[in-house]
Amino acid sequence: MTNTLSLTSVAQVSMSVKGMKCAGCVAAVEKRLLACAGVKAASVNLLTERAAIAYDSELDQDLVINDATKAIAQLGFTLEPIQRRDFNNVNIPKPTSIKFELLLAVSLIVLAIIGHLTSMSILSDMSTHGAIATVALITSGWDIWRDGFRGLWYRAPNMNSLVSLGVISSYVASVVALAKPELGWHCFFEEPVMLLGFVLLGRSLLASATDKASKSIRTLMSLQPQMARVIMGELQVQTAVEDLQIGDRLLVLPGEKIPIDGAVISGVSTVDESMLTGESMPVVKHEKSRVTGATLNLSGVMTIEVMQTAEHTTLARIVALVESAQANKAPIQHLADTVAGYFTYGVMAIASLTFLIWWGVLQAEILFSLKNAITVLVVACPCALGLATPSAIMVGTGMGAEQGILIKGGASLEKIYDLSAIAFDKTGTLTLGQPEVTDILAIKDSINGEANLIQAAASAETGANHILGAAIIAKALAMDSLVIEPANISETGAGVEAKVGNRLVVVGNQDWLRDRQVNIPDQWLETARNLGKQGKTPVFVAINNEFMGIIAIQDPIKPEATQVIKSLQDLGLQVWMLTGDRPETAQVIAQMLNISPDRVIAQVKPDGKAQAIAQLQSQGYKVAMVGDGVNDAPALAQAEVGIALQSGTDVAMETADIVLMRNNITDVLAAIKLSRATFGKIRQNLFWAFAYNTLSIPIAAGVLYPSFGISMNPAIAGLAMALSSISVVISSLSLRWENHAKSP
């Protein structure tokens with residue numbers, strides 16, 4: 001993953017942008033933001049109405065926001081800072097104006113159709129038509145043509161600019177025809193009325209479709225409880241969740257949602273964490289257990305201590321991550337944005353050329369020529385181009401969040417689509433991450449020899465941070481060994497060296513001991529190889545530079561791992577395994593997982609994982625890395641796509657492109673399938689958006705009329721334009737139906 005901006009020199013702020021209607025608006029806003037002093041990059045999303053602004057970190061943020069707000073206001077848009085997320089007000093109903101627009105749109109269309117078809121009604125009178133059209137332009141059309149001409153004035157034309165030119169042109173031509181009947185022109189007041197009706201209909205239907213597309217994030221936010229029961233002495237005080245502070249003590253009764261992230265300080269209960277992990281099986285919580293806000297307490301009374309404020313809970317982080325993902329574009333969208341920036345100018349040029357050819361060259365009637373030009377203006381739809389990517393990303397990332405799969409935006413989706421290989425860190429990813437000591441082999445073959453060996457190794461590992469060390473300590477405690485606090489610990493992923501009492505204890509792999517001039521007898525190296533052939537990891541132990549024996553540890557393979565690897569291979573991906581184990585041990589595990597022997601990288605040190613990924617990339621692979629530990633973070637960053645398990649560290653989760661909230665690698669397969677489906681839908685949407693404009697504009701210009709007598713009027717063009725935008729969003733929503741159809 002390559003960062004185009006240095007994080008040390010650039011800060012970022014997210015803003016809300018109101019008033020955008022199409023990809024042309026997006027291009028204009030981005031261009032104006034980039035022209036502001038200190039702004040390094042800007043990404044604007046049409047569907048979510050968000051702008052992410054990267055600026056020089058040495059500048060004052062308020063100054064940057066103020067300059068950007070003034071610049072965008074000149075275009076007729078509103079730029080506002082995003083306020084703190086309000087979890088207590090998430091089910092925001094659709095604005096009344098949307099319902100009003102829908103009713104108004106239907107009314108205008110019905111009036112225009114009745115007037116067009118009825119010859120004996122007052123509605124057939126052209127003066128009545130003109131009055132209806134005038135009222136429609138002044139009321140329902142006001143915002144449209146005001147925004148459209150303002151865009152033209154500031155040299156940032158948009159979809160409303162095209163519609164406005166079409167509506168005003170047809171209206172003016174009809175007024176002239178009504179005022180000067182001697183010209184013999186035909187009045188078509190019904191055209192601007194129907195056109196406005198179809199535009200408003202399209203806008204209201206689009207709002208409904210995008211409302212469904214954004215449902216996932218609102219559903220996530222609605223999970224957060226509003227109030228908490230705070231313990232104050234002998235009192236219980238109802239307090240808003242957003243006002244809770246770290247250290248507050250809360251009482252949670254059976255059947256209540258846990259208000260916020262915390263730790264149990266008393267009580268035992270079972271908790272339903274399915275909203276977070278997707279797992280339906282309740283989890284037992286007892287003293288010192290961590291609990292997550294918005295999960296459901298099922299059986300017992302618990303007292304918990306608040307560990308995070310509302311803005312930093314797991315749920316808040318998930319919502320923020322999904323919002324960020326939905327605001328980010330896929331690189332493929334830049335093509336559409338580039339086209340949209342020049343689109344409106346091109347359409348106006350084609351419309352002018354259409355009029356000149358029909359009237360000046362082909363000698364057609366002026367009204368017929370004008371209608372064709374108006375139809376070209378109306379049928380073009382930059383909005384479909386602008387919605388192609390964000391609508392699919394919104395649906396795809398929302399679906400992922402519902403399944404515990406957090407995908408960080410469009411760039412990640414595009415890279416996942418191109419993957420050719422996937423590398424798994426073994427421990428804690430392909431294995432359960434709960435290794436157990438299986439053998440204690442001491443040079444002094446006696447009970448005391450084994451006890452002394454495990455006691456020395458466990459004491460050295462105390463304070464170290466390695467999963468194998470934890471297994472050794474657990475075994476020592478189970479044997480009632482006295483574990484001594486060590487001093488002067490030196491640790492790497494290869495082993496640990498510590499002063500335990502008056503002894504220097506070295507615990508680690510073969511190389512770690514040899515680097516410390518510890519001689520390992522050949523017969524013990526053979527023993528280690530035999531243990532490796534059984535899938536066990538040999539850990540060598542030396543005391544005062546004298547080799548003392550081997551502790552064998554085995555980490556069971558996850559039950560689902562073999563099937564997941566087979567499914568990934570069926571998708572055409574090469575599966576690799578990275579491990580610090582000896583080659584013999586690694587090959588046994590690879591064989592159990594059906595991973596090809598030549599795709600195992602063994603004895604790789606933690607700081608060497610990124611180099612291993614880089615080596616695969618140098619061979620032409622597009623690599624995904626799956627890991628969970630802090631040592632995996634560099635490799636996650638090096639890979640084209642980093643996939644982190646939520647059970648891992650925060651730094652691994654921050655570095656990754658995809659975060660799996662369940663400790664289940666089945667979700668690796670689900671994430672790749674969902675990402676591929678989402679990016680495939682983006683490409684499909686862009687294809688049809690380009691295809692629509694490529695086909696509809698020539699037809700609107702009248703290319704079929706000379707040979708087939710087929711032409712398109714402005715009202716039908718308005719309907720086609722509206723439906724093109726709606727179809728893109730519906731196409732994105734179909735991800736849900738297709739996903740369910742493929743589910744077993």
# chains A, B, ... in the order shown; residues from 1 in each chain; ligands from 1
>>> residues_around(residues="segment 568-573 of chain A", least_positions_apart="4", cutoff="8 Å", atoms="only C-alpha atoms", output="ChimeraX atom specification")
/A:419-422,564,669
>>> write_last_selection(atoms="N, CA, C and O atoms", output="mmCIF file, in the first residue's frame")
data_model
loop_
_atom_site.group_PDB
_atom_site.id
_atom_site.type_symbol
_atom_site.label_atom_id
_atom_site.label_comp_id
_atom_site.auth_asym_id
_atom_site.auth_seq_id
_atom_site.Cartn_x
_atom_site.Cartn_y
_atom_site.Cartn_z
ATOM 1 N N LEU A 419 -5.978 -9.155 -6.895
ATOM 2 C CA LEU A 419 -5.081 -10.041 -6.142
ATOM 3 C C LEU A 419 -4.769 -11.325 -6.909
ATOM 4 O O LEU A 419 -5.624 -11.876 -7.604
ATOM 5 N N SER A 420 -3.532 -11.778 -6.735
ATOM 6 C CA SER A 420 -3.149 -13.072 -7.309
ATOM 7 C C SER A 420 -2.618 -14.026 -6.247
ATOM 8 O O SER A 420 -2.494 -15.230 -6.502
ATOM 9 N N ALA A 421 -2.279 -13.526 -5.047
ATOM 10 C CA ALA A 421 -1.740 -14.378 -3.986
ATOM 11 C C ALA A 421 -2.195 -13.847 -2.636
ATOM 12 O O ALA A 421 -2.485 -12.655 -2.477
ATOM 13 N N ILE A 422 -2.256 -14.754 -1.667
ATOM 14 C CA ILE A 422 -2.619 -14.365 -0.310
ATOM 15 C C ILE A 422 -1.712 -15.102 0.659
ATOM 16 O O ILE A 422 -1.515 -16.314 0.549
ATOM 17 N N VAL A 564 -11.144 -23.102 4.069
ATOM 18 C CA VAL A 564 -10.957 -21.718 3.605
ATOM 19 C C VAL A 564 -9.836 -21.654 2.575
ATOM 20 O O VAL A 564 -9.972 -21.007 1.528
ATOM 21 N N LEU A 669 -12.385 -15.284 3.237
ATOM 22 C CA LEU A 669 -13.018 -15.694 1.988
ATOM 23 C C LEU A 669 -14.227 -14.815 1.684
ATOM 24 O O LEU A 669 -14.395 -14.336 0.556
#
>>> closest_residue(among="A:His186, A:Lys681, A:Lys673, A:Arg599", to="Leu367 of chain A", atoms="only C-alpha atoms")
A:His186
>>> select_by_dssp(residues="segment 483-703 of chain A", states="strand (DSSP E or B)", output="PDB file with N, CA, C and O atoms, in the first residue's frame")
ATOM      1  N   ALA A 487      14.929 -10.093  35.420  1.00  0.00           N
ATOM      2  CA  ALA A 487      15.518  -8.757  35.275  1.00  0.00           C
ATOM      3  C   ALA A 487      16.291  -8.696  33.966  1.00  0.00           C
ATOM      4  O   ALA A 487      16.709  -9.717  33.433  1.00  0.00           O
ATOM      5  N   ASN A 488      16.480  -7.481  33.468  1.00  0.00           N
ATOM      6  CA  ASN A 488      17.300  -7.261  32.266  1.00  0.00           C
ATOM      7  C   ASN A 488      16.847  -8.127  31.089  1.00  0.00           C
ATOM      8  O   ASN A 488      17.599  -8.898  30.502  1.00  0.00           O
ATOM      9  N   ILE A 489      15.546  -7.985  30.752  1.00  0.00           N
ATOM     10  CA  ILE A 489      14.984  -8.793  29.665  1.00  0.00           C
ATOM     11  C   ILE A 489      15.429  -8.239  28.315  1.00  0.00           C
ATOM     12  O   ILE A 489      15.380  -7.035  28.066  1.00  0.00           O
ATOM     13  N   SER A 490      15.862  -9.130  27.457  1.00  0.00           N
ATOM     14  CA  SER A 490      16.152  -8.796  26.060  1.00  0.00           C
ATOM     15  C   SER A 490      15.291  -9.712  25.200  1.00  0.00           C
ATOM     16  O   SER A 490      15.355 -10.937  25.334  1.00  0.00           O
ATOM     17  N   GLU A 491      14.470  -9.122  24.317  1.00  0.00           N
ATOM     18  CA  GLU A 491      13.469  -9.933  23.615  1.00  0.00           C
ATOM     19  C   GLU A 491      13.390  -9.551  22.143  1.00  0.00           C
ATOM     20  O   GLU A 491      13.467  -8.391  21.768  1.00  0.00           O
ATOM     21  N   THR A 492      13.230 -10.565  21.298  1.00  0.00           N
ATOM     22  CA  THR A 492      12.823 -10.379  19.904  1.00  0.00           C
ATOM     23  C   THR A 492      11.842 -11.479  19.587  1.00  0.00           C
ATOM     24  O   THR A 492      11.539 -12.323  20.441  1.00  0.00           O
ATOM     25  N   GLY A 495      13.307 -15.041  20.327  1.00  0.00           N
ATOM     26  CA  GLY A 495      13.542 -15.585  21.652  1.00  0.00           C
ATOM     27  C   GLY A 495      13.674 -14.498  22.699  1.00  0.00           C
ATOM     28  O   GLY A 495      13.493 -13.306  22.423  1.00  0.00           O
ATOM     29  N   VAL A 496      14.014 -14.939  23.928  1.00  0.00           N
ATOM     30  CA  VAL A 496      14.148 -14.014  25.037  1.00  0.00           C
ATOM     31  C   VAL A 496      15.386 -14.392  25.853  1.00  0.00           C
ATOM     32  O   VAL A 496      15.749 -15.569  25.962  1.00  0.00           O
ATOM     33  N   GLU A 497      16.043 -13.374  26.386  1.00  0.00           N
ATOM     34  CA  GLU A 497      17.191 -13.573  27.262  1.00  0.00           C
ATOM     35  C   GLU A 497      16.934 -12.760  28.522  1.00  0.00           C
ATOM     36  O   GLU A 497      16.597 -11.567  28.436  1.00  0.00           O
ATOM     37  N   ALA A 498      17.050 -13.410  29.685  1.00  0.00           N
ATOM     38  CA  ALA A 498      16.718 -12.698  30.917  1.00  0.00           C
ATOM     39  C   ALA A 498      17.567 -13.205  32.075  1.00  0.00           C
ATOM     40  O   ALA A 498      18.019 -14.355  32.095  1.00  0.00           O
ATOM     41  N   LYS A 499      17.749 -12.336  33.042  1.00  0.00           N
ATOM     42  CA  LYS A 499      18.450 -12.680  34.275  1.00  0.00           C
ATOM     43  C   LYS A 499      17.401 -13.156  35.277  1.00  0.00           C
ATOM     44  O   LYS A 499      16.520 -12.395  35.690  1.00  0.00           O
ATOM     45  N   VAL A 500      17.464 -14.440  35.650  1.00  0.00           N
ATOM     46  CA  VAL A 500      16.520 -15.016  36.602  1.00  0.00           C
ATOM     47  C   VAL A 500      17.311 -15.399  37.853  1.00  0.00           C
ATOM     48  O   VAL A 500      18.065 -16.385  37.854  1.00  0.00           O
ATOM     49  N   ARG A 503      20.987 -16.606  37.525  1.00  0.00           N
ATOM     50  CA  ARG A 503      21.167 -17.384  36.302  1.00  0.00           C
ATOM     51  C   ARG A 503      20.792 -16.554  35.071  1.00  0.00           C
ATOM     52  O   ARG A 503      19.824 -15.785  35.100  1.00  0.00           O
ATOM     53  N   LEU A 504      21.555 -16.742  33.988  1.00  0.00           N
ATOM     54  CA  LEU A 504      21.217 -16.134  32.701  1.00  0.00           C
ATOM     55  C   LEU A 504      20.478 -17.195  31.880  1.00  0.00           C
ATOM     56  O   LEU A 504      21.057 -18.219  31.510  1.00  0.00           O
ATOM     57  N   VAL A 505      19.215 -16.935  31.621  1.00  0.00           N
ATOM     58  CA  VAL A 505      18.381 -17.910  30.917  1.00  0.00           C
ATOM     59  C   VAL A 505      18.106 -17.410  29.505  1.00  0.00           C
ATOM     60  O   VAL A 505      17.700 -16.259  29.300  1.00  0.00           O
ATOM     61  N   VAL A 506      18.352 -18.288  28.534  1.00  0.00           N
ATOM     62  CA  VAL A 506      18.092 -17.976  27.125  1.00  0.00           C
ATOM     63  C   VAL A 506      17.065 -18.968  26.605  1.00  0.00           C
ATOM     64  O   VAL A 506      17.247 -20.192  26.728  1.00  0.00           O
ATOM     65  N   VAL A 507      15.966 -18.452  26.047  1.00  0.00           N
ATOM     66  CA  VAL A 507      14.883 -19.290  25.522  1.00  0.00           C
ATOM     67  C   VAL A 507      14.565 -18.816  24.102  1.00  0.00           C
ATOM     68  O   VAL A 507      14.355 -17.619  23.887  1.00  0.00           O
ATOM     69  N   GLY A 508      14.542 -19.750  23.145  1.00  0.00           N
ATOM     70  CA  GLY A 508      14.204 -19.329  21.793  1.00  0.00           C
ATOM     71  C   GLY A 508      14.490 -20.389  20.757  1.00  0.00           C
ATOM     72  O   GLY A 508      14.639 -21.577  21.081  1.00  0.00           O
ATOM     73  N   THR A 537       6.518 -27.237  17.577  1.00  0.00           N
ATOM     74  CA  THR A 537       7.573 -26.221  17.531  1.00  0.00           C
ATOM     75  C   THR A 537       8.545 -26.442  18.684  1.00  0.00           C
ATOM     76  O   THR A 537       8.147 -26.362  19.854  1.00  0.00           O
ATOM     77  N   PRO A 538       9.827 -26.729  18.392  1.00  0.00           N
ATOM     78  CA  PRO A 538      10.803 -26.910  19.475  1.00  0.00           C
ATOM     79  C   PRO A 538      11.333 -25.565  19.965  1.00  0.00           C
ATOM     80  O   PRO A 538      11.740 -24.718  19.168  1.00  0.00           O
ATOM     81  N   VAL A 539      11.309 -25.355  21.267  1.00  0.00           N
ATOM     82  CA  VAL A 539      11.863 -24.153  21.887  1.00  0.00           C
ATOM     83  C   VAL A 539      13.081 -24.591  22.706  1.00  0.00           C
ATOM     84  O   VAL A 539      12.980 -25.423  23.609  1.00  0.00           O
ATOM     85  N   PHE A 540      14.248 -24.045  22.366  1.00  0.00           N
ATOM     86  CA  PHE A 540      15.502 -24.429  23.023  1.00  0.00           C
ATOM     87  C   PHE A 540      15.713 -23.569  24.271  1.00  0.00           C
ATOM     88  O   PHE A 540      15.398 -22.376  24.271  1.00  0.00           O
ATOM     89  N   VAL A 541      16.301 -24.212  25.309  1.00  0.00           N
ATOM     90  CA  VAL A 541      16.529 -23.503  26.574  1.00  0.00           C
ATOM     91  C   VAL A 541      17.992 -23.707  26.997  1.00  0.00           C
ATOM     92  O   VAL A 541      18.513 -24.826  26.948  1.00  0.00           O
ATOM     93  N   ALA A 542      18.619 -22.589  27.383  1.00  0.00           N
ATOM     94  CA  ALA A 542      19.984 -22.652  27.908  1.00  0.00           C
ATOM     95  C   ALA A 542      20.057 -21.853  29.200  1.00  0.00           C
ATOM     96  O   ALA A 542      19.368 -20.832  29.365  1.00  0.00           O
ATOM     97  N   ILE A 543      20.892 -22.343  30.139  1.00  0.00           N
ATOM     98  CA  ILE A 543      21.111 -21.636  31.401  1.00  0.00           C
ATOM     99  C   ILE A 543      22.608 -21.411  31.553  1.00  0.00           C
ATOM    100  O   ILE A 543      23.405 -22.362  31.472  1.00  0.00           O
ATOM    101  N   GLU A 546      24.767 -22.798  28.890  1.00  0.00           N
ATOM    102  CA  GLU A 546      24.823 -24.250  28.735  1.00  0.00           C
ATOM    103  C   GLU A 546      23.451 -24.749  28.289  1.00  0.00           C
ATOM    104  O   GLU A 546      22.430 -24.440  28.910  1.00  0.00           O
ATOM    105  N   PHE A 547      23.429 -25.504  27.202  1.00  0.00           N
ATOM    106  CA  PHE A 547      22.166 -26.032  26.691  1.00  0.00           C
ATOM    107  C   PHE A 547      21.564 -26.997  27.706  1.00  0.00           C
ATOM    108  O   PHE A 547      22.225 -27.904  28.211  1.00  0.00           O
ATOM    109  N   MET A 548      20.222 -26.804  27.973  1.00  0.00           N
ATOM    110  CA  MET A 548      19.581 -27.604  29.019  1.00  0.00           C
ATOM    111  C   MET A 548      18.432 -28.474  28.511  1.00  0.00           C
ATOM    112  O   MET A 548      17.983 -29.372  29.217  1.00  0.00           O
ATOM    113  N   GLY A 549      17.930 -28.198  27.307  1.00  0.00           N
ATOM    114  CA  GLY A 549      16.848 -29.042  26.815  1.00  0.00           C
ATOM    115  C   GLY A 549      15.907 -28.312  25.870  1.00  0.00           C
ATOM    116  O   GLY A 549      16.153 -27.173  25.451  1.00  0.00           O
ATOM    117  N   ILE A 550      14.819 -29.028  25.524  1.00  0.00           N
ATOM    118  CA  ILE A 550      13.834 -28.513  24.558  1.00  0.00           C
ATOM    119  C   ILE A 550      12.440 -28.598  25.168  1.00  0.00           C
ATOM    120  O   ILE A 550      12.077 -29.595  25.807  1.00  0.00           O
ATOM    121  N   ILE A 551      11.658 -27.559  24.945  1.00  0.00           N
ATOM    122  CA  ILE A 551      10.231 -27.566  25.284  1.00  0.00           C
ATOM    123  C   ILE A 551       9.463 -27.558  23.952  1.00  0.00           C
ATOM    124  O   ILE A 551       9.639 -26.643  23.140  1.00  0.00           O
ATOM    125  N   ALA A 552       8.648 -28.595  23.713  1.00  0.00           N
ATOM    126  CA  ALA A 552       7.887 -28.690  22.454  1.00  0.00           C
ATOM    127  C   ALA A 552       6.500 -28.097  22.653  1.00  0.00           C
ATOM    128  O   ALA A 552       5.821 -28.375  23.649  1.00  0.00           O
ATOM    129  N   ILE A 553       6.093 -27.288  21.697  1.00  0.00           N
ATOM    130  CA  ILE A 553       4.801 -26.590  21.776  1.00  0.00           C
ATOM    131  C   ILE A 553       4.035 -26.835  20.483  1.00  0.00           C
ATOM    132  O   ILE A 553       4.614 -26.811  19.384  1.00  0.00           O
ATOM    133  N   GLN A 554       2.752 -27.039  20.599  1.00  0.00           N
ATOM    134  CA  GLN A 554       1.918 -27.242  19.421  1.00  0.00           C
ATOM    135  C   GLN A 554       0.695 -26.341  19.509  1.00  0.00           C
ATOM    136  O   GLN A 554       0.058 -26.249  20.562  1.00  0.00           O
ATOM    137  N   ILE A 557      -4.513 -26.386  14.628  1.00  0.00           N
ATOM    138  CA  ILE A 557      -5.019 -25.686  13.452  1.00  0.00           C
ATOM    139  C   ILE A 557      -6.507 -25.392  13.638  1.00  0.00           C
ATOM    140  O   ILE A 557      -7.257 -26.207  14.182  1.00  0.00           O
ATOM    141  N   GLN A 574      -3.051 -17.949  -5.194  1.00  0.00           N
ATOM    142  CA  GLN A 574      -1.992 -18.773  -4.622  1.00  0.00           C
ATOM    143  C   GLN A 574      -1.919 -18.481  -3.120  1.00  0.00           C
ATOM    144  O   GLN A 574      -1.830 -17.319  -2.719  1.00  0.00           O
ATOM    145  N   VAL A 575      -1.955 -19.532  -2.311  1.00  0.00           N
ATOM    146  CA  VAL A 575      -1.949 -19.364  -0.859  1.00  0.00           C
ATOM    147  C   VAL A 575      -0.558 -19.675  -0.319  1.00  0.00           C
ATOM    148  O   VAL A 575      -0.004 -20.752  -0.578  1.00  0.00           O
ATOM    149  N   TRP A 576      -0.011 -18.715   0.430  1.00  0.00           N
ATOM    150  CA  TRP A 576       1.313 -18.856   1.046  1.00  0.00           C
ATOM    151  C   TRP A 576       1.157 -18.828   2.562  1.00  0.00           C
ATOM    152  O   TRP A 576       0.197 -18.256   3.088  1.00  0.00           O
ATOM    153  N   MET A 577       2.123 -19.410   3.257  1.00  0.00           N
ATOM    154  CA  MET A 577       2.128 -19.401   4.718  1.00  0.00           C
ATOM    155  C   MET A 577       3.462 -18.871   5.227  1.00  0.00           C
ATOM    156  O   MET A 577       4.521 -19.313   4.780  1.00  0.00           O
ATOM    157  N   LEU A 578       3.392 -17.910   6.135  1.00  0.00           N
ATOM    158  CA  LEU A 578       4.584 -17.355   6.784  1.00  0.00           C
ATOM    159  C   LEU A 578       4.625 -17.851   8.225  1.00  0.00           C
ATOM    160  O   LEU A 578       3.619 -17.801   8.934  1.00  0.00           O
ATOM    161  N   VAL A 600       5.680 -22.161   1.238  1.00  0.00           N
ATOM    162  CA  VAL A 600       5.854 -22.015   2.684  1.00  0.00           C
ATOM    163  C   VAL A 600       7.147 -21.247   2.931  1.00  0.00           C
ATOM    164  O   VAL A 600       8.209 -21.617   2.425  1.00  0.00           O
ATOM    165  N   ILE A 601       7.051 -20.163   3.676  1.00  0.00           N
ATOM    166  CA  ILE A 601       8.233 -19.382   4.051  1.00  0.00           C
ATOM    167  C   ILE A 601       8.423 -19.573   5.549  1.00  0.00           C
ATOM    168  O   ILE A 601       7.684 -19.024   6.362  1.00  0.00           O
ATOM    169  N   VAL A 623      -0.316  -9.175  -3.692  1.00  0.00           N
ATOM    170  CA  VAL A 623      -0.395  -9.988  -2.484  1.00  0.00           C
ATOM    171  C   VAL A 623      -1.312  -9.370  -1.429  1.00  0.00           C
ATOM    172  O   VAL A 623      -1.259  -8.167  -1.166  1.00  0.00           O
ATOM    173  N   ALA A 624      -2.134 -10.240  -0.824  1.00  0.00           N
ATOM    174  CA  ALA A 624      -2.861  -9.887   0.394  1.00  0.00           C
ATOM    175  C   ALA A 624      -2.174 -10.574   1.563  1.00  0.00           C
ATOM    176  O   ALA A 624      -1.701 -11.700   1.443  1.00  0.00           O
ATOM    177  N   MET A 625      -2.077  -9.886   2.683  1.00  0.00           N
ATOM    178  CA  MET A 625      -1.460 -10.443   3.889  1.00  0.00           C
ATOM    179  C   MET A 625      -2.518 -10.525   4.980  1.00  0.00           C
ATOM    180  O   MET A 625      -3.234  -9.548   5.234  1.00  0.00           O
ATOM    181  N   VAL A 626      -2.632 -11.694   5.628  1.00  0.00           N
ATOM    182  CA  VAL A 626      -3.589 -11.893   6.707  1.00  0.00           C
ATOM    183  C   VAL A 626      -2.817 -12.105   8.003  1.00  0.00           C
ATOM    184  O   VAL A 626      -1.983 -13.012   8.090  1.00  0.00           O
ATOM    185  N   GLY A 627      -3.058 -11.271   8.998  1.00  0.00           N
ATOM    186  CA  GLY A 627      -2.349 -11.394  10.267  1.00  0.00           C
ATOM    187  C   GLY A 627      -3.144 -10.779  11.396  1.00  0.00           C
ATOM    188  O   GLY A 627      -4.207 -10.198  11.185  1.00  0.00           O
ATOM    189  N   VAL A 641      -2.926  -5.565  -0.118  1.00  0.00           N
ATOM    190  CA  VAL A 641      -4.106  -5.558   0.746  1.00  0.00           C
ATOM    191  C   VAL A 641      -3.739  -6.208   2.078  1.00  0.00           C
ATOM    192  O   VAL A 641      -3.259  -7.340   2.108  1.00  0.00           O
ATOM    193  N   GLY A 642      -3.940  -5.480   3.173  1.00  0.00           N
ATOM    194  CA  GLY A 642      -3.717  -6.038   4.502  1.00  0.00           C
ATOM    195  C   GLY A 642      -5.047  -6.422   5.122  1.00  0.00           C
ATOM    196  O   GLY A 642      -6.003  -5.639   5.106  1.00  0.00           O
ATOM    197  N   ILE A 643      -5.128  -7.641   5.651  1.00  0.00           N
ATOM    198  CA  ILE A 643      -6.354  -8.133   6.286  1.00  0.00           C
ATOM    199  C   ILE A 643      -6.016  -8.498   7.725  1.00  0.00           C
ATOM    200  O   ILE A 643      -5.190  -9.379   7.965  1.00  0.00           O
ATOM    201  N   ALA A 644      -6.638  -7.809   8.682  1.00  0.00           N
ATOM    202  CA  ALA A 644      -6.325  -8.020  10.100  1.00  0.00           C
ATOM    203  C   ALA A 644      -7.524  -8.600  10.829  1.00  0.00           C
ATOM    204  O   ALA A 644      -8.666  -8.197  10.585  1.00  0.00           O
ATOM    205  N   LEU A 645      -7.256  -9.546  11.723  1.00  0.00           N
ATOM    206  CA  LEU A 645      -8.292 -10.078  12.588  1.00  0.00           C
ATOM    207  C   LEU A 645      -8.503  -9.125  13.747  1.00  0.00           C
ATOM    208  O   LEU A 645      -7.543  -8.598  14.313  1.00  0.00           O
ATOM    209  N   ILE A 658      -8.597  -4.265   5.421  1.00  0.00           N
ATOM    210  CA  ILE A 658      -9.821  -4.951   5.835  1.00  0.00           C
ATOM    211  C   ILE A 658      -9.625  -5.422   7.277  1.00  0.00           C
ATOM    212  O   ILE A 658      -8.585  -5.970   7.617  1.00  0.00           O
ATOM    213  N   VAL A 659     -10.633  -5.197   8.111  1.00  0.00           N
ATOM    214  CA  VAL A 659     -10.605  -5.673   9.488  1.00  0.00           C
ATOM    215  C   VAL A 659     -11.749  -6.665   9.660  1.00  0.00           C
ATOM    216  O   VAL A 659     -12.898  -6.357   9.343  1.00  0.00           O
ATOM    217  N   LEU A 660     -11.426  -7.860  10.147  1.00  0.00           N
ATOM    218  CA  LEU A 660     -12.420  -8.904  10.380  1.00  0.00           C
ATOM    219  C   LEU A 660     -12.768  -8.905  11.866  1.00  0.00           C
ATOM    220  O   LEU A 660     -11.920  -9.212  12.702  1.00  0.00           O
TER     221      LEU A 660
END
>>> closest_atom_pairs(of="segment 281-318 of chain A", to="segment 261-266 of chain A", cutoff="6 Å", atoms="only C-alpha atoms", output="Markdown table")
| residue | atom | partner | partner_atom | distance |
| --- | --- | --- | --- | --- |
| A:Glu287 | CA | A:Val264 | CA | 5.0 |
| A:Lys288 | CA | A:Val264 | CA | 5.2 |
| A:Ser289 | CA | A:Val264 | CA | 5.4 |
| A:Arg290 | CA | A:Ala263 | CA | 4.4 |
| A:Val291 | CA | A:Gly262 | CA | 5.4 |
| A:Thr292 | CA | A:Asp261 | CA | 4.3 |
| A:Gly293 | CA | A:Asp261 | CA | 4.7 |
| A:Met302 | CA | A:Ser266 | CA | 5.9 |
| A:Thr303 | CA | A:Ser266 | CA | 5.2 |
| A:Ile304 | CA | A:Val264 | CA | 4.3 |
| A:Glu305 | CA | A:Gly262 | CA | 5.3 |
| A:Val306 | CA | A:Gly262 | CA | 4.4 |
| A:Met307 | CA | A:Gly262 | CA | 4.5 |
| A:Gln308 | CA | A:Asp261 | CA | 5.7 |
| A:Thr313 | CA | A:Asp261 | CA | 5.8 |
>>> select_by_dssp(residues="segment 536-588 of chain A", states="alpha helix (DSSP H)", output="PyMOL selection string")
chain A and resi 561-570+583-588
>>> atom_distance(atom1="atom CA of Val163 of chain A", atom2="atom CA of Gly148 of chain A")
7.5 Å
>>> atom_distance(atom1="atom CA of Ala349 of chain A", atom2="atom CA of Pro157 of chain A")
12.8 Å
